[in-house]
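Student: This one is my_file17.cif, mmCIF, C-alpha atoms.
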data_final
#
loop_
_atom_site.label_atom_id
_atom_site.label_comp_id
_atom_site.auth_asym_id
_atom_site.auth_seq_id
_atom_site.Cartn_x
_atom_site.Cartn_y
_atom_site.Cartn_z
CA MET Z 723 -94.19 261.93 -25.29
CA ILE Z 724 -93.95 260.94 -28.94
CA ASN Z 725 -95.83 263.07 -31.47
CA VAL Z 726 -97.98 260.84 -33.68
CA TYR Z 727 -99.66 262.24 -36.79
CA ILE Z 728 -102.20 259.93 -38.46
CA LEU Z 729 -102.73 260.76 -42.14
CA CYS Z 730 -105.98 259.26 -43.36
CA GLY Z 731 -108.33 259.20 -46.34
CA GLY Z 732 -106.72 259.98 -49.66
CA PRO Z 733 -107.79 260.02 -53.31
CA SER Z 734 -107.91 256.25 -53.94
CA SER Z 735 -110.88 253.90 -54.24
CA GLU Z 736 -110.03 252.77 -50.68
CA HIS Z 737 -110.67 256.18 -49.09
CA ASP Z 738 -113.43 254.98 -46.77
CA ILE Z 739 -111.52 251.89 -45.62
CA ALA Z 740 -108.55 254.13 -44.78
CA LEU Z 741 -110.81 256.24 -42.55
CA ARG Z 742 -112.01 253.11 -40.78
CA SER Z 743 -108.40 251.98 -40.26
CA ALA Z 744 -107.36 255.40 -38.97
CA LEU Z 745 -110.22 255.56 -36.49
CA ASN Z 746 -109.37 252.11 -35.13
CA ILE Z 747 -105.71 253.09 -34.78
CA SER Z 748 -106.48 256.39 -33.02
CA ASN Z 749 -108.85 254.61 -30.62
CA ASN Z 750 -106.11 252.13 -29.66
CA LEU Z 751 -103.02 254.32 -29.36
CA ASN Z 752 -101.79 254.72 -25.79
CA GLU Z 753 -102.57 258.32 -24.82
CA ASN Z 754 -100.01 258.12 -22.01
CA LYS Z 755 -97.27 257.60 -24.61
CA TYR Z 756 -98.37 259.69 -27.57
CA ASN Z 757 -99.57 263.17 -28.51
CA ILE Z 758 -102.09 262.11 -31.17
CA LYS Z 759 -103.13 264.29 -34.11
CA LEU Z 760 -105.09 263.33 -37.21
CA VAL Z 761 -104.83 264.85 -40.67
CA TYR Z 762 -107.64 264.16 -43.14
CA ILE Z 763 -106.66 263.91 -46.82
CA ASP Z 764 -109.59 264.50 -49.16
CA LYS Z 765 -110.29 262.77 -52.46
CA LYS Z 766 -108.33 265.46 -54.32
CA GLY Z 767 -105.25 264.98 -52.14
CA ALA Z 768 -105.57 268.14 -50.03
CA PHE Z 769 -104.54 268.01 -46.35
CA SER Z 770 -106.70 269.24 -43.48
CA GLU Z 771 -105.32 271.13 -40.50
CA PRO Z 772 -104.21 268.62 -37.83
CA PHE Z 773 -106.94 267.92 -35.28
CA GLU Z 774 -107.17 266.14 -31.95
CA LYS Z 775 -108.34 262.57 -31.52
CA ILE Z 776 -112.13 262.48 -31.25
CA GLU Z 777 -114.45 260.09 -29.42
CA THR Z 778 -116.59 258.49 -32.11
CA ASN Z 779 -117.43 255.14 -33.68
CA ASP Z 780 -118.18 256.71 -37.07
CA GLU Z 781 -115.13 256.95 -39.33
CA PHE Z 782 -116.81 259.68 -41.38
CA ASP Z 783 -116.52 262.00 -38.39
CA LEU Z 784 -112.87 262.25 -39.45
CA VAL Z 785 -113.84 263.98 -42.72
CA ARG Z 786 -113.00 267.69 -42.91
CA ASP Z 787 -114.02 270.42 -45.35
CA ILE Z 788 -110.75 271.71 -46.80
CA LYS Z 789 -110.98 275.13 -48.39
CA GLU Z 790 -107.30 275.66 -49.28
CA SER Z 791 -105.79 274.40 -52.51
CA LYS Z 792 -103.90 271.13 -52.38
CA THR Z 793 -100.56 272.93 -52.64
CA LYS Z 794 -101.41 275.43 -49.90
CA SER Z 795 -102.82 272.74 -47.60
CA ILE Z 796 -99.66 270.64 -47.90
CA SER Z 797 -97.54 273.73 -47.29
CA ASN Z 798 -99.55 274.41 -44.13
CA PHE Z 799 -99.03 270.83 -42.95
CA LEU Z 800 -95.27 271.04 -43.48
CA ASP Z 801 -95.13 274.36 -41.66
CA ILE Z 802 -96.97 272.92 -38.65
CA ILE Z 803 -94.96 269.71 -38.42
CA SER Z 804 -91.64 271.53 -38.91
CA LYS Z 805 -92.19 273.10 -35.50
CA GLU Z 806 -92.15 269.67 -33.85
CA ASP Z 807 -89.05 267.83 -32.62
CA LEU Z 808 -88.71 265.57 -35.65
CA THR Z 809 -86.55 263.07 -33.75
CA ASN Z 810 -89.62 262.47 -31.58
CA THR Z 811 -92.30 262.68 -34.29
CA ILE Z 812 -93.70 259.97 -36.53
CA ILE Z 813 -96.29 259.72 -39.28
CA LEU Z 814 -98.77 256.87 -39.61
CA PRO Z 815 -99.65 257.08 -43.34
CA VAL Z 816 -103.05 255.37 -43.15
CA VAL Z 817 -103.84 255.89 -46.82
CA HIS Z 818 -104.60 252.64 -48.61
CA GLY Z 819 -104.11 252.20 -52.33
CA THR Z 820 -103.01 254.94 -54.72
CA TYR Z 821 -101.18 257.89 -53.10
CA GLY Z 822 -100.56 255.98 -49.87
CA GLU Z 823 -99.27 252.54 -50.82
CA ASP Z 824 -97.64 253.39 -54.14
CA GLY Z 825 -94.70 255.24 -52.58
CA THR Z 826 -96.09 258.75 -53.13
CA ILE Z 827 -96.50 259.72 -49.47
CA GLN Z 828 -93.37 257.81 -48.49
CA ALA Z 829 -91.28 259.82 -50.97
CA PHE Z 830 -92.86 263.06 -49.73
CA LEU Z 831 -92.02 262.20 -46.12
CA ASP Z 832 -88.49 261.08 -47.06
CA VAL Z 833 -87.83 264.43 -48.75
CA ALA Z 834 -89.21 266.27 -45.70
CA GLY Z 835 -87.07 264.15 -43.34
CA ILE Z 836 -90.04 262.87 -41.33
CA SER Z 837 -90.16 259.33 -39.89
CA TYR Z 838 -93.07 257.03 -40.67
CA ILE Z 839 -94.14 253.46 -40.07
CA GLY Z 840 -94.14 250.76 -42.71
CA ASN Z 841 -92.55 250.35 -46.11
CA GLY Z 842 -90.49 252.96 -47.91
CA LEU Z 843 -90.75 254.35 -51.42
CA LEU Z 844 -89.24 251.50 -53.41
CA SER Z 845 -90.97 248.50 -51.82
CA SER Z 846 -94.28 250.38 -51.75
CA ALA Z 847 -94.05 251.20 -55.46
CA ILE Z 848 -92.95 247.68 -56.38
CA CYS Z 849 -95.77 245.95 -54.52
CA MET Z 850 -98.44 248.42 -55.59
CA ASP Z 851 -97.67 247.71 -59.24
CA LYS Z 852 -98.54 244.05 -59.66
CA VAL Z 853 -96.78 243.76 -63.02
CA THR Z 854 -93.52 244.91 -61.43
CA SER Z 855 -93.87 242.64 -58.41
CA ASN Z 856 -94.79 239.71 -60.67
CA ASP Z 857 -91.62 240.33 -62.68
CA ILE Z 858 -89.59 240.28 -59.44
CA PHE Z 859 -91.27 237.08 -58.25
CA GLU Z 860 -90.47 235.51 -61.63
CA LYS Z 861 -86.82 236.64 -61.45
CA ASN Z 862 -86.57 235.05 -57.98
CA LYS Z 863 -88.23 231.84 -59.17
CA LEU Z 864 -91.15 232.24 -56.75
CA ARG Z 865 -94.16 230.26 -57.89
CA GLN Z 866 -97.05 232.37 -59.21
CA ALA Z 867 -99.83 232.34 -61.78
CA LYS Z 868 -98.93 232.65 -65.45
CA TYR Z 869 -99.44 236.27 -66.51
CA LEU Z 870 -99.41 238.74 -69.38
CA TYR Z 871 -99.98 242.47 -69.39
CA THR Z 872 -100.48 245.40 -71.72
CA ASN Z 873 -101.54 249.04 -71.89
CA LYS Z 874 -104.55 250.63 -73.57
CA GLU Z 875 -102.90 250.69 -76.99
CA GLY Z 876 -101.90 247.04 -76.70
CA LEU Z 877 -105.35 245.72 -75.75
CA ASP Z 878 -106.03 244.39 -79.23
CA ASP Z 879 -106.90 241.13 -80.97
CA ASN Z 880 -103.30 239.91 -80.86
CA PHE Z 881 -103.12 240.39 -77.08
CA LEU Z 882 -106.48 238.69 -76.51
CA ASP Z 883 -105.36 235.74 -78.67
CA LYS Z 884 -102.06 235.49 -76.79
CA CYS Z 885 -103.79 235.40 -73.39
CA ILE Z 886 -106.18 232.65 -74.46
CA GLU Z 887 -103.51 230.60 -76.23
CA GLU Z 888 -100.66 230.93 -73.70
CA ILE Z 889 -102.62 230.99 -70.43
CA GLY Z 890 -106.07 229.70 -71.28
CA LEU Z 891 -109.57 230.51 -70.08
CA PRO Z 892 -110.82 231.18 -67.45
CA LEU Z 893 -108.64 234.18 -66.57
CA ILE Z 894 -108.39 236.85 -63.90
CA VAL Z 895 -108.20 240.41 -65.21
CA LYS Z 896 -107.13 243.31 -62.96
CA PRO Z 897 -105.59 246.77 -62.98
CA SER Z 898 -101.85 246.54 -62.41
CA ALA Z 899 -101.99 249.11 -59.61
CA ASN Z 900 -105.12 249.28 -57.49
CA GLY Z 901 -106.43 247.79 -54.27
CA SER Z 902 -109.29 245.97 -52.53
CA SER Z 903 -110.02 243.90 -55.64
CA VAL Z 904 -111.57 246.96 -57.34
CA GLY Z 905 -111.71 246.43 -61.11
CA VAL Z 906 -110.85 242.72 -60.79
CA ASN Z 907 -112.91 240.19 -62.76
CA LYS Z 908 -112.94 236.53 -63.67
CA VAL Z 909 -113.54 236.02 -67.40
CA THR Z 910 -114.58 232.92 -69.31
CA THR Z 911 -114.98 234.30 -72.85
CA ARG Z 912 -113.02 236.47 -75.27
CA LYS Z 913 -115.64 239.25 -75.06
CA GLU Z 914 -115.48 239.25 -71.27
CA LEU Z 915 -111.69 239.45 -71.51
CA LEU Z 916 -111.92 242.58 -73.66
CA ASP Z 917 -114.65 244.18 -71.54
CA SER Z 918 -112.84 243.46 -68.29
CA GLY Z 919 -109.57 244.74 -69.74
CA LEU Z 920 -111.26 248.03 -70.60
CA GLU Z 921 -112.74 248.21 -67.11
CA ALA Z 922 -109.34 247.57 -65.50
CA LEU Z 923 -107.86 250.40 -67.56
CA LYS Z 924 -110.24 252.84 -65.83
CA TYR Z 925 -108.16 252.33 -62.67
CA ASP Z 926 -104.62 252.07 -64.06
CA LYS Z 927 -102.67 252.46 -67.28
CA LYS Z 928 -101.74 248.76 -67.37
CA VAL Z 929 -104.03 245.75 -67.39
CA LEU Z 930 -102.77 242.45 -65.94
CA VAL Z 931 -104.17 239.11 -67.09
CA GLU Z 932 -103.46 236.08 -64.92
CA GLU Z 933 -104.11 232.38 -64.79
CA LEU Z 934 -106.96 231.43 -62.44
CA ILE Z 935 -105.43 229.43 -59.58
CA GLU Z 936 -107.93 226.97 -58.17
CA GLY Z 937 -107.63 226.77 -54.41
CA GLN Z 938 -107.82 228.85 -51.24
CA GLU Z 939 -106.32 232.32 -50.87
CA ILE Z 940 -104.59 232.69 -47.49
CA GLU Z 941 -103.10 235.79 -45.86
CA PHE Z 942 -100.05 236.24 -43.63
CA ALA Z 943 -98.90 239.15 -41.48
CA VAL Z 944 -95.18 239.85 -41.82
CA VAL Z 945 -93.21 242.17 -39.53
CA GLY Z 946 -89.52 243.09 -39.80
CA ASP Z 947 -86.85 243.63 -42.44
CA MET Z 948 -84.38 241.06 -43.83
CA ASN Z 949 -85.34 238.26 -41.40
CA PRO Z 950 -88.98 239.06 -40.66
CA ASP Z 951 -91.49 237.35 -38.40
CA VAL Z 952 -94.29 235.56 -40.26
CA SER Z 953 -97.66 234.83 -38.67
CA LYS Z 954 -99.94 231.87 -39.08
CA PRO Z 955 -102.37 232.31 -42.00
CA ALA Z 956 -105.94 233.53 -42.10
CA ALA Z 957 -108.50 233.15 -44.85
CA TYR Z 958 -111.90 234.23 -46.02
CA ILE Z 959 -113.93 231.16 -46.91
CA SER Z 960 -116.22 232.24 -49.73
CA ASP Z 961 -118.54 230.71 -52.27
CA HIS Z 962 -117.24 233.25 -54.81
CA THR Z 963 -114.83 231.93 -57.45
CA PHE Z 964 -112.23 234.37 -56.16
CA LEU Z 965 -112.10 236.92 -53.37
CA ASP Z 966 -113.57 239.91 -55.19
CA TYR Z 967 -114.69 243.22 -53.66
CA ASP Z 968 -118.19 241.95 -52.93
CA ALA Z 969 -116.91 238.78 -51.28
CA LYS Z 970 -114.53 240.80 -49.08
CA TYR Z 971 -116.86 243.51 -47.88
CA PHE Z 972 -120.52 242.68 -48.52
CA SER Z 973 -121.25 238.98 -48.96
CA LYS Z 974 -122.96 237.44 -45.93
CA SER Z 975 -121.84 233.99 -47.07
CA THR Z 976 -118.13 234.85 -46.61
CA LYS Z 977 -116.75 233.35 -43.39
CA GLU Z 978 -113.48 233.95 -41.56
CA SER Z 979 -110.92 231.29 -40.71
CA LEU Z 980 -108.38 232.68 -38.26
CA PRO Z 981 -106.05 230.99 -37.99
CA TYR Z 982 -106.48 228.95 -41.15
CA LYS Z 983 -105.47 225.38 -40.37
CA LEU Z 984 -102.41 223.91 -42.08
CA ASP Z 985 -100.47 220.88 -40.91
CA GLU Z 986 -97.08 221.72 -39.39
CA ASP Z 987 -95.00 220.86 -42.45
CA LYS Z 988 -97.21 222.86 -44.80
CA LEU Z 989 -97.29 225.79 -42.38
CA LYS Z 990 -93.50 225.98 -42.27
CA GLU Z 991 -93.31 225.67 -46.07
CA ALA Z 992 -95.86 228.47 -46.50
CA GLN Z 993 -94.15 230.77 -43.98
CA GLU Z 994 -90.77 230.30 -45.63
CA PHE Z 995 -92.32 230.99 -49.05
CA VAL Z 996 -94.01 234.15 -47.73
CA LYS Z 997 -90.73 235.35 -46.22
CA LYS Z 998 -88.94 234.92 -49.56
CA CYS Z 999 -91.64 236.91 -51.37
CA TYR Z 1000 -91.43 239.73 -48.79
CA VAL Z 1001 -87.65 239.94 -48.89
CA ALA Z 1002 -87.51 239.72 -52.72
CA CYS Z 1003 -89.57 242.93 -52.96
CA GLY Z 1004 -87.40 244.72 -50.40
CA CYS Z 1005 -90.20 245.08 -47.87
CA GLU Z 1006 -89.52 246.56 -44.46
CA GLY Z 1007 -91.57 247.39 -41.41
CA PHE Z 1008 -94.59 245.24 -42.11
CA ALA Z 1009 -96.90 243.95 -44.83
CA ARG Z 1010 -99.61 241.43 -45.52
CA VAL Z 1011 -98.61 238.74 -48.01
CA ASP Z 1012 -101.43 236.95 -49.84
CA ILE Z 1013 -100.77 233.57 -51.42
CA PHE Z 1014 -102.84 230.75 -52.88
CA TYR Z 1015 -102.87 227.27 -51.40
CA ALA Z 1016 -103.74 225.59 -54.67
CA ASN Z 1017 -105.63 222.37 -55.24
CA ASP Z 1018 -102.37 220.88 -56.58
CA GLY Z 1019 -100.85 221.24 -53.09
CA ASN Z 1020 -98.46 224.07 -54.05
CA PHE Z 1021 -98.28 227.66 -52.84
CA TYR Z 1022 -98.47 230.51 -55.35
CA VAL Z 1023 -97.82 234.15 -54.47
CA ASN Z 1024 -100.69 236.50 -55.26
CA GLU Z 1025 -99.68 239.94 -53.97
CA ILE Z 1026 -98.12 241.94 -51.15
CA ASN Z 1027 -100.11 244.69 -49.45
CA THR Z 1028 -97.62 247.17 -47.96
CA PHE Z 1029 -100.13 249.00 -45.77
CA PRO Z 1030 -102.92 246.51 -45.09
CA GLY Z 1031 -106.20 247.38 -43.46
CA PHE Z 1032 -106.18 248.21 -39.75
CA THR Z 1033 -109.95 248.09 -39.31
CA PRO Z 1034 -111.39 246.05 -36.42
CA SER Z 1035 -112.18 243.24 -38.87
CA SER Z 1036 -108.89 243.32 -40.80
CA PHE Z 1037 -106.72 240.23 -40.60
CA PHE Z 1038 -103.30 241.91 -40.36
CA ALA Z 1039 -103.46 243.27 -36.81
CA ARG Z 1040 -105.36 240.25 -35.51
CA LEU Z 1041 -102.72 237.90 -36.93
CA CYS Z 1042 -99.99 240.01 -35.30
CA GLU Z 1043 -101.79 239.92 -31.96
CA LEU Z 1044 -101.88 236.13 -32.25
CA MET Z 1045 -98.21 235.92 -33.35
CA TYR Z 1046 -96.86 238.11 -30.56
CA ASP Z 1047 -99.51 237.47 -27.92
CA LYS Z 1048 -99.94 241.24 -27.59
CA SER Z 1049 -102.84 243.68 -27.77
CA PHE Z 1050 -103.48 245.93 -30.78
CA SER Z 1051 -102.24 248.88 -28.71
CA GLU Z 1052 -98.97 247.06 -27.98
CA LEU Z 1053 -98.61 246.14 -31.66
CA LEU Z 1054 -98.87 249.83 -32.57
CA ASP Z 1055 -96.07 250.51 -30.08
CA ILE Z 1056 -93.87 247.98 -31.90
CA LEU Z 1057 -94.56 249.51 -35.32
CA ILE Z 1058 -93.94 253.06 -34.06
CA GLU Z 1059 -90.67 252.09 -32.38
CA ASP Z 1060 -89.56 250.41 -35.62
CA GLY Z 1061 -90.52 253.45 -37.71
CA LEU Z 1062 -88.59 255.82 -35.46
CA ARG Z 1063 -85.56 253.52 -35.52
CA ARG Z 1064 -85.52 253.34 -39.30
CA GLY Z 1065 -86.17 257.07 -39.64
CA GLN Z 1066 -83.15 257.89 -37.49
CA ARG Z 1067 -81.07 255.41 -39.47
#
What would the structure in this file look like if it were written as structure tokens?
Tutor:
Amino acid sequence: MINVYILCGGPSSEHDIALRSALNISNNLNENKYNIKLVYIDKKGAFSEPFEKIETNDEFDLVRDIKESKTKSISNFLDIISKEDLTNTIILPVVHGTYGEDGTIQAFLDVAGISYIGNGLLSSAICMDKVTSNDIFEKNKLRQAKYLYTNKEGLDDNFLDKCIEEIGLPLIVKPSANGSSVGVNKVTTRKELLDSGLEALKYDKKVLVEELIEGQEIEFAVVGDMNPDVSKPAAYISDHTFLDYDAKYFSKSTKESLPYKLDEDKLKEAQEFVKKCYVACGCEGFARVDIFYANDGNFYVNEINTFPGFTPSSFFARLCELMYDKSFSELLDILIEDGLRRGQR
């Protein structure tokens, strides 16, 4: 049987969502194929001792009290996993956002020589940092919103003037590297631009200012490497101006559209566009690519999420189930087989 270690939690703002994803994954892994262990990572980055899968519907039952220092806890984890047959062992790094999707855990696992599912160091880091991925989209002539960015020292009158003059209000302001729309705001005035820029800088050292694209944000599941499979789209239909944190997780007015209906020509155009965005950033394994279907009839890339949510309500797995006509459990088999293949490569 294959040894599967699910790392979950982590120090990002998406800690709780990662727990929910990990619980859903552990509940759907085939116990006849896998020896399943979970490792909780607390908000300081310390690792728990591996523990057996538990029967629960409450993701917070995965939380552990870790008494060792972060360094000692990671040392303990490496000591335990080093005793496994690493050719038959794989990590599921279910840590959304910072620490999990920015390449940190991927680099750690690469150094340790341990296989894992999903994107590697480079593509994770590129897609986590929206300024970097925007620069790559621009280099590859992939349509996107106009954008400018700066750091704390550069958030001054000149930068505010440049944003308003070159892009124009209203604007979207966000941290360059963060997830789940945390710290993202729509602004309509100069003061709001400054205030939102300062808020974004609480979550990252760079603030990204983008043109507001009027239209519908749609999401695609992508699986594979240089010639990946691309699903049909899904969308959250919301009365919010953009899909902010409240619209995603709390608003009762937000409705799902899965699959989101596009005519055949537009669907093919969108899927080809999504594939180009994925390949341009060097993605491998899987990702969720979010684009805008704008009111002008064009598609604009928004962002790539290199380890999307795996909660029961998350779009990624449900889109894959639809694309492959397979269960969530069978999808996990596909991702694990791919991770082991790439790890051995």
Student: Which of these residues is nearest to Tyr821 of chain Z, using all atoms listed in the file: Z:Ile758, Z:Leu729, Z:Val909, Z:Leu980?
Tutor: Z:Leu729
Student: Hey, what comes out of the PyMOL selection byres ((chain Z and resi 924) around 12) on this file? Could you write it as a PyMOL selection string?
Tutor: chain Z and resi 735+873-874+896-900+904-906+917-923+925-929
Student: Using only C-alpha atoms, tabulate the residues of segment 916-971 of chain Z lying at most 12 Å from any atom of segment 1046-1057 of chain Z, each with its closest atom pair and that distance in Å to one decimal, by chain and increasing residue number, as a Markdown table.
Tutor:
| residue | atom | partner | partner_atom | distance |
| --- | --- | --- | --- | --- |
| Z:Ala943 | CA | Z:Tyr1046 | CA | 11.2 |
| Z:Val944 | CA | Z:Tyr1046 | CA | 11.5 |
| Z:Val945 | CA | Z:Leu1057 | CA | 8.6 |
| Z:Gly946 | CA | Z:Leu1057 | CA | 9.3 |
| Z:Asp951 | CA | Z:Tyr1046 | CA | 9.5 |
| Z:Val952 | CA | Z:Tyr1046 | CA | 10.4 |
| Z:Ser953 | CA | Z:Tyr1046 | CA | 8.8 |
| Z:Lys954 | CA | Z:Tyr1046 | CA | 11.0 |
Student: What does the structure give for the distance between atom CA of Lys908 of chain Z and atom CA of Gly825 of chain Z, in Å to one decimal?
Tutor: 28.4 Å
Student: Please tell me which residues are no farther than 9 Å from (-103.8, 227.3, -51.3) in the file, counting only C-alpha atoms, and write them as a PyMOL selection string.
Tutor: chain Z and resi 935-940+1013-1022
Student: May I ask for the distance between atom CA of Asp738 of chain Z and atom CA of Phe782 of chain Z, given in Å to one decimal place?
Tutor: 7.9 Å
Student: What does the distance between atom CA of Lys977 of chain Z and atom CA of Glu941 of chain Z come to in Å, to one decimal place?
Tutor: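 Taking atom CA of Lys977 of chain Z and atom CA of Glu941 of chain Z, their separation equals 14.1 Å.
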Student: May I ask which of the residues Z:Arg742, Z:Lys759, Z:Arg786, Z:Lys990 is the closest one to Asn725 of chain Z, counting only C-alpha atoms?
Tutor: Z:Lys759
Student: Please determine, counting all atoms listed in the file, which residue among Z:Leu989, Z:Val853, Z:Val931, Z:Val785 has the shortest atom-to-atom distance to Leu877 of chain Z.
Tutor: Z:Val931
Student: Take the PyMOL selection byres ((chain Z and resi 1011) around 7), apply it to the structure above, and return the hits as a ChimeraX atom specification.
Tutor: /Z:941-943,996,1009-1010,1012-1013,1025-1027
Student: What's the 9 Å shell around Pro815 of chain Z, counting all atoms listed in the file, without same-chain residues fewer than 5 positions away, as a VMD selection string?
Tutor: chain Z and resid 727 to 730 822 to 823 827 to 828 838 to 840 1029
Student: My list of candidates is Z:Cys849, Z:Leu808, Z:Val816, Z:Cys1042. Which is closest to Ile747 of chain Z when distances are computed with all atoms listed in the file?
Tutor: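 Closest residue, counting all atoms listed in the file: Z:Val816.
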Student: Taking the file as shown, what set of residues would the PyMOL selection byres ((chain Z and resi 835) around 12) give back, as a PyMOL selection string?
Tutor: chain Z and resi 800+803-804+807-809+811-813+828-834+836-838+1062+1064-1067
Student: Excluding Ala1002 of chain Z and residues on its chain fewer than 2 positions from it, collect all residues at most 8 Å away from it, counting all atoms listed in the file, and give them as a ChimeraX atom specification.
Tutor: /Z:858-859,862,998-1000,1004-1005
Student: Looking at all atoms listed in the file, which of Z:Leu1041, Z:Asn757, Z:Asn750, Z:Ser791 is the one that sits closest to Phe769 of chain Z?
Tutor: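 Ranking Z:Leu1041, Z:Asn757, Z:Asn750, Z:Ser791 by distance to Phe769 of chain Z, first place goes to Z:Ser791.
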